[in-house]
Structure formats: structure tokens, C-alpha cells
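Notes follow once the structure below has been shown.
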2 protein chains.
Amino acid sequence: MKNYYAEIISVGNEVLAGQTVNTNAAFISRQLMDIGLQVFWVTTIRDTHDEIIFSLKTASKRADIVLVTGGLGPTPDDITKNSICEYFNTRLVTNSSVLGDVDKFVKSRGFQLTDLNRDQALVPESAKIIRNPIGTAPGLLLEKNNIPYFFLPGVPREMKYLLTESILEILSSKYDLPKIYTKLLRTTSIPEAKLYEKLEAVVKKYSKFELGFYPRYFGVDIRFRHQTKNPDELIDFENYYEKVKKVVAKYIYSSRPIELEEKLGELLKSRQLTLSTAESFTGGLIGDMITNVPGSSEYYTGGAITYSNESKIELLNVHNSTLLEHGAVSEPVALEMVHGVGNLFKSNCAIATTGIAGPGGATPNKPVGLCFIAVRLNKKEVVKNFNFGTERRINKLRGAVAGMEMLRRTLLDI
Amino acid sequence: MKNYYAEIISVGNEVLAGQTVNTNAAFISRQLMDIGLQVFWVTTIRDTHDEIIFSLKTASKRADIVLVTGGLGPTPDDITKNSICEYFNTRLVTNSSVLGDVDKFVKSRGFQLTDLNRDQALVPESAKIIRNPIGTAPGLLLEKNNIPYFFLPGVPREMKYLLTESILEILSSKYDLPKIYTKLLRTTSIPEAKLYEKLEAVVKKYSKFELGFYPRYFGVDIRFRHQTKNPDELIDFENYYEKVKKVVAKYIYSSRPIELEEKLGELLKSRQLTLSTAESFTGGLIGDMITNVPGSSEYYTGGAITYSNESKIELLNVHNSTLLEHGAVSEPVALEMVHGVGNLFKSNCAIATTGIAGPGGATPNKPVGLCFIAVRLNKKEVVKNFNFGTERRINKLRGAVAGMEMLRRTLLDI
């Protein structure tokens, strides 16, 4: 089977000036990979005639498929579109269905059609139009020497729409592509190296399948990928997945691309439990993450951000003697916090954090990054200590993830 | 004066697979712009011999300066380094000072030198070494036909270090570059279009200077940039800056690249005021942002995340009758919340948010995005209502920024 290679050309002065990071290319690459195509070149150029022509020519020598993003916006000079016409030996004409789309879009926003909008309906005569209901620039498909060239708007939302709604299908039906099978396991609270260590034997046994470890702030994703035309191989692929799952079961919180706070929300909702938080180390971040999930008000009753000793005493009923004896950053205080916040908000579950986020605040016995986290499930209370790093924001993030993960494991009794 | 153009070549399979977004290119572009150089091409390629050679050749035809990132990591095959040697007609030799650096770095981490580490000290014989104390791959500088080629590690932290500590200086002394003058004004709580409307006359008057509007989630940055060898022009540049500042004074929170929460922290600290937060709409995000600032425990006493009516009543002393009469999402409740939280945490200042973050929760009279925010400074209490959008996370962000900005303006009495 032939492998097909794609090239992405990003037209954009703002990307070159470093004002915008090119996230489009990464998105396109991932999407194409999932249908069995590979991106081998990404070129970013200015919106000038010479560079557009040069890049299209260069791409034609090495790629099977070319995707161009950006340069189609409503600018008076239409450099990109005129350059396209030159390269494909065609001319700009007004396309009435595009004009209709633009008119409809502009009016739906409460505006009147301007001359600049009308220009958006000027498209290369030989182009196949890929209609764009969520913006003013349509996608274009042109061909030369059997290579398809897709031109897409640079606005990420519109580019993503046209790619996923139209272009992936066009490509899948045009080429005899292998079927790609993918599987995902989201892990947390275990470093990549340790995960690999545990899985090394299994990974080596199934080396015919692709497997990747992708670290995120929130944990490491394990991605499985197999490209085949033979569905029989899938039995083995499935076995591999199940074996990996078994070896690192404790660390896996989902096989879907969801965040830990969503998983935790699902668990709480399905068991009709409620949650509250007492945050010192994390300063509100756990509350923020929990409430990023739509519908979280069903199970999240609220939280206390107790940054001062006084607030720990008054709101959470932490004992002054405990603070004096052990300090605010201590196991007993974390336990009193989690107990107190559960009572305050009358919730079944609670998470509490106390620690030294840094860069200041360290003492000889308590370094920056030291953190105590306690969780509560009804009468059961668990506490653990952590030594995170030196960067304040990363520490807060790691503390928030660790707290949610402790509660997840307590809920599942693992 | 000649303009000099730079090209960036990113070597990296993970960028092409869409697993990593190429943030290096944006960083390099911005840094080079600030010393008067412009990046006009960014190419991302795989780590293969043919593509490296092809890209270097292509770049040599159009760029004055070439920067290559990635491909220098400790891989057994050293494709990039061998390709470099071929292109520059040189050979790999062990560099003893690099070997010393690598040895020192590895040992500082508590590891022993491996063969892979030793390979890092293999460098092209004719390369000038740019030493890297924070990683194992040194930077390399080679020349061909009077074009300098810089090779940098792909790890962002190391790339940034080598660029800012060494390479910018090398470039500045090598070329007769214009001096670049830049100024920044950070605004918030005003849309880009409105900002431009207010500034249009001034901007047109001073059109000889570059001015850019850069929208962020937190507000719009106004960036001034002028490239000159004549310091006399700076008087006018300064005048321009002062005029812009005057016209939109109210919206400017800083002329330094700091966030709103840092500015707010500076104001509170300098006046020896304390702050607490009562968050329903923002769910802890304001507390999180405030506590991202090192030293925030000096002025932030804490917060209540009151997601339920019950917690609003019990913690913040919101009256049940107010909730019944006006609903939780209302001006009177926001005012009672800000009043109550200031009392609870005994702080001089307070911020309170209540609203419908979405996607659910709307009623016929209260759409998604509706939010009431109240702030308190001692006995003064101010409340405003907002209509944000439909996206939950963006709504929370906008609410957090709006709340902090309301307090900033109240503190400054503007």
C-alpha cells in the first residue's frame, strides 16, 4: 500500500511576528494522522505573491496533498487568491452560492454586506468550493498534476470546521487509506519513566503496535495506534490494550479524552455524593477546576480558601493548638481542614490542601513544594504528604491534581 | 540601511505529528524583532538527512541568518549532526569543554555519564560552541557563504536560554542593526474595536510609528515599536505614547508586562489593604489567580466559594428573603455577598461574583452569561452587571478579570 504524505503551508504575518502560535498545524497533523495520512512538512510564510508561488511549487515536488491555511481573509488586495489563480492558471469570479452564504452570515450578525464581504465571494473559477457556514471565507479545493490543494481560512474555529466536516471525508474517499485504530488511556500521578518501567515487558512483547506516552501537566496519556487493512489483527491489538490497562490500572482514570475533574464529577454524580474543598496551598484552583465542568453545581457545594491561620480556625474549626504545635503546613492541620470543611458545607466528600507553594515561605524543616493533602469520604479521612517542585504555579496545579486523584482512589477504594 | 531576514527551521517529528505545538518559533520571532531582525520563513521538517540538507539549501538562497531548533538531542543515530557536517563539509569531533559541561550537568542531577551523554560532546569540528549550562546539548554556530547558521536544542527552556544569553548578542554585534524602541500599555475591560475607535485620531496623526493591538483573554495590549538610528525621533515617539496613555487612561492597568492580579497585588500591598473573595460565578478562579502571585498571602486573607444558596446564607450572611425575592443571580445578592465576605475574612477589600456561567441554568429573564459583580473597599460598595458569552470557561475568565478590574478602579477612584 502506498503511503501518502501531506504538507501544510501556513500563510500568516502574525505567526511570523511571533504574535500567534501556529496551533492550526498541530491540529491538522493529528486529524490527518487519524485517517492514515502523515504530515511531513509545515512551512510558514508571509502573505506575498513570491513566497506563496515558491511554497506551492516546492510542496508540489514532495507532497501528495497540500493544505494551505490563512491568507483568505477580507483584505483589499487579495494577494493569496490572486497568487492561487496564477499558480493554477485560472481567474477570480464571483460565486453566487458563496455570496449567498456570506450575505446570510453577515446578516445573522446584524450587519450589512460591505464591499470587503463581497470580495469574499470572489473565488478561483476552477476551484471546488467547500462552503463555510460559520465564517465569511469559504474553503477551496484545486488540483494540479493530480495533487489536491486545499485552501482554508486561518481562523482556528473555521479551519477546524471545514477540516472535520468536509475535508477529511474528501481525502478518505479519494485515497485508498489504511484504517487507523486508536485507543487511549489517561493516567495521572505517575511519572512517564515509572509508567514505562512498569509496562516495558508488555510493550516489548507487542512491539508491532505503535504506543506513545504523552506527558501533560495532569498526567501521562498512553496512546495506542495501529494501521491495518486486516481486522483480524485487532484481536491482538485489543489484547495489548487490556494487558496495559491491567498493569497500570490504579493510575488510569479514563479511556476517554476527559479531564480528571470531569471523571471525579461523574463518580460523585453517579453515587449522589457532594463535595467541598478547603484550599490553602492551591488557593482556589481545585474549586476553579471542579466548576469548569458544566453541571458541577449538582455535586459541588462550595469551598473555603483559607489563606490565613485565622480563617483556618474560624471557618474550618482547625485548633489553635494544632497550628501552634505542628504549624499550618502539617498533616494534623490538613486533616482538621478536611474534617472542618466537610462539616461547614455539609458534604459527603472533601479535599483539603496546605503547603508551601513558593518561592518564599520555606523553613529549615519545610522546603518549598512541601504539601499535605487530605480527603474525606463520609467518616473516612486519608492524608498524604507530597514534595512538589519550586515553581509556584506548577506546584498549585500538581497539588490540585493530586487532591482530586486521592479522592478518586478513595471513592473507588484502590 | 539593509534589512536582514532570518529563517527558522524546526526539526521535530513530534511537532509534525501534532503532539507538540511549535511555540519556539513564536518566541524566536519576537526576540529577533526586538533587535531589528525579521523572521520571514518558518519551516518544520522531520529529522531525516534529505530534509535537513534540502531545508538548509533552500534557506541559504533567501535568508541572511538561519536558526535551526531541535534534532540535537541524545539519539543514537545523530542524523542532524551528521547532516550538518555534510552540509558544512566538516566532521564530528569530541569537544572537551562540552564533555566537561555535560559531565557536570549530569552529575549535578545525581546521574553518571552514559555513552549517549558522551555523544552530546561530539560536535562539528568547524562549529563555534555556544555552551549550555542548563542541559546536555550545546548550541552550535557554523557559517557558509557569509550566512550564520545557529543550531539550538528543541527544549524550549534551553533554546530560550541560549538565544537570550548568547545569540542575540552575537547577532547584534555582527550586524549593523537599527535600534528598536518599544513601549507597552496593557489595557483591560475594553474591546479592541472600541479601543481603536477612541485612539483613531491619535494613531493617524502619528502614523510614522508602528502601533499594534494584541487581544488577550485578559484585555488588549497596545504595543508601540519604532526602528531608528536617530534618537531625536524619540521625543515624538514619547509624545505619541503619552497621548495614547491619556486618551485611554482608565483602561490601562500597567505599562509593564504584568498581569492584572499582580497589579492589584501591588496596589493592595502599597496601601496595606487586605482582600477576600466570595465566588459563585467564578468558582474559585479569582482566588486562584490572586494566589498565583508570589507573596499574595501578605494581602489575601481568603475566600468563600459559595456554590449553593445554603452556603451563601450560612457563610456570607446573605438573607434568605433576598434570595427568594431576587434570585441568587441578582444585584442585591452580589452586594450582600461582598459585604458578608469582607466581614467573614475581616478584609478591607472584597470581590463577589454571582451569575449563570452556562451552558445550563438560564431562565426566561436570566440568560447564560449574565453576571453580577460587587466590590468593596472599606464601607464603599459598588455593583455592576455584565452579559458575557455562552462559553462557560471564557465566562469565568471574563468574570474574574472584570471583578479584579472593578476593584482596581475603585481603589484608584477612576
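Starting from 1 in every chain, residues are counted up; chains themselves are A, B, ... following the order of the C-alpha cells, and ligands are numbered from 1 as listed.
By only C-alpha atoms, and with residues fewer than 4 positions from Lys205 (chain A) along its chain excluded, the set lying at most 9 Å from it is A:Glu200, A:Ala201, A:Tyr240.
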>> Should the cut-off be 8 Å, what would the residue list for chain B against chain A look like, counting only C-alpha atoms, as a ChimeraX atom specification?
In response: /B:15-23,25-30,33,38-46,214,282-288,291-292,294-295,297,300-308,311,345,358-360,392-393
> Among region 75-188 of chain B, which residues carry a DSSP assignment of strand (DSSP E), reported as a PyMOL selection string?
Replying inline: chain B and resi 92-94+122-124+128-130+139-144+147-152+179-187
> Neighbours of Val338 (chain A) within 7 Å (only C-alpha atoms; same-chain residues fewer than 2 positions away dropped), as a PyMOL selection string?
Replying inline: chain A and resi 278+334-336+340-342+350-352+374-376
>> Which residues are near region 138-140 of chain B? Cut-off 6 Å, only C-alpha atoms, ignore same chain within fewer than 3 positions. Put them as a ChimeraX atom specification.
In response: /B:127-132,150-152
>> With DSSP run on the backbone, what are the helix (DSSP H, G or I) residues within region 84-295 of chain B? I'd like them as a PyMOL selection string.
In response: chain B and resi 84-88+96-108+115-120+156-174+192-205+233-247+249-251+260-270+285-290
> Using only C-alpha atoms, which residue out of B:Leu184, B:Thr410, B:Gln112, B:Leu275 lies closest to Arg256 (chain B)?
Replying inline: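 Of all the options, B:Leu184 lies closest to Arg256 (chain B).
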>> With only C-alpha atoms as the counted atoms, please give the residues lying no more than 9 Å from Phe388 (chain B), apart from itself and same-chain residues fewer than 5 positions off, as a VMD selection string.
In response: chain B and resid 357 368 to 371 394 to 395 398 to 399
> If you measure from CA of Thr69 (chain B) to CA of Leu56 (chain B), what distance in Å do you get, rounded to one decimal?
Replying inline: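 Going from CA of Thr69 (chain B) over to CA of Leu56 (chain B), I get 12.4 Å.
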> Can you tell me how far CA of Gln120 (chain A) sits from CA of Pro133 (chain A), in Å to one decimal?
Replying inline: 13.1 Å
> Mind pulling up the distance from CA of Arg225 (chain B) to CA of Ser207 (chain B)?
Replying inline: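 Between these atoms lies a distance of 11.5 Å.
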> Using only C-alpha atoms, which residue out of B:Val244, B:Val382, B:Ala362, B:Leu411 lies closest to Arg271 (chain B)?
Replying inline: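 Closest candidate: B:Leu411.
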> Which one of B:Tyr175, B:Tyr251, B:Tyr241, B:Phe54 sits closest to Arg223 (chain B) if you count only C-alpha atoms?
Replying inline: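 Nearest to Arg223 (chain B): B:Tyr241.
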>> Residues within 6 Å of Asn348 (chain B), please, as JSON, numbers by chain. Count only C-alpha atoms; anything in the same chain fewer than 2 positions from it doesn't count.
In response: {"B": [273, 274, 377, 378]}
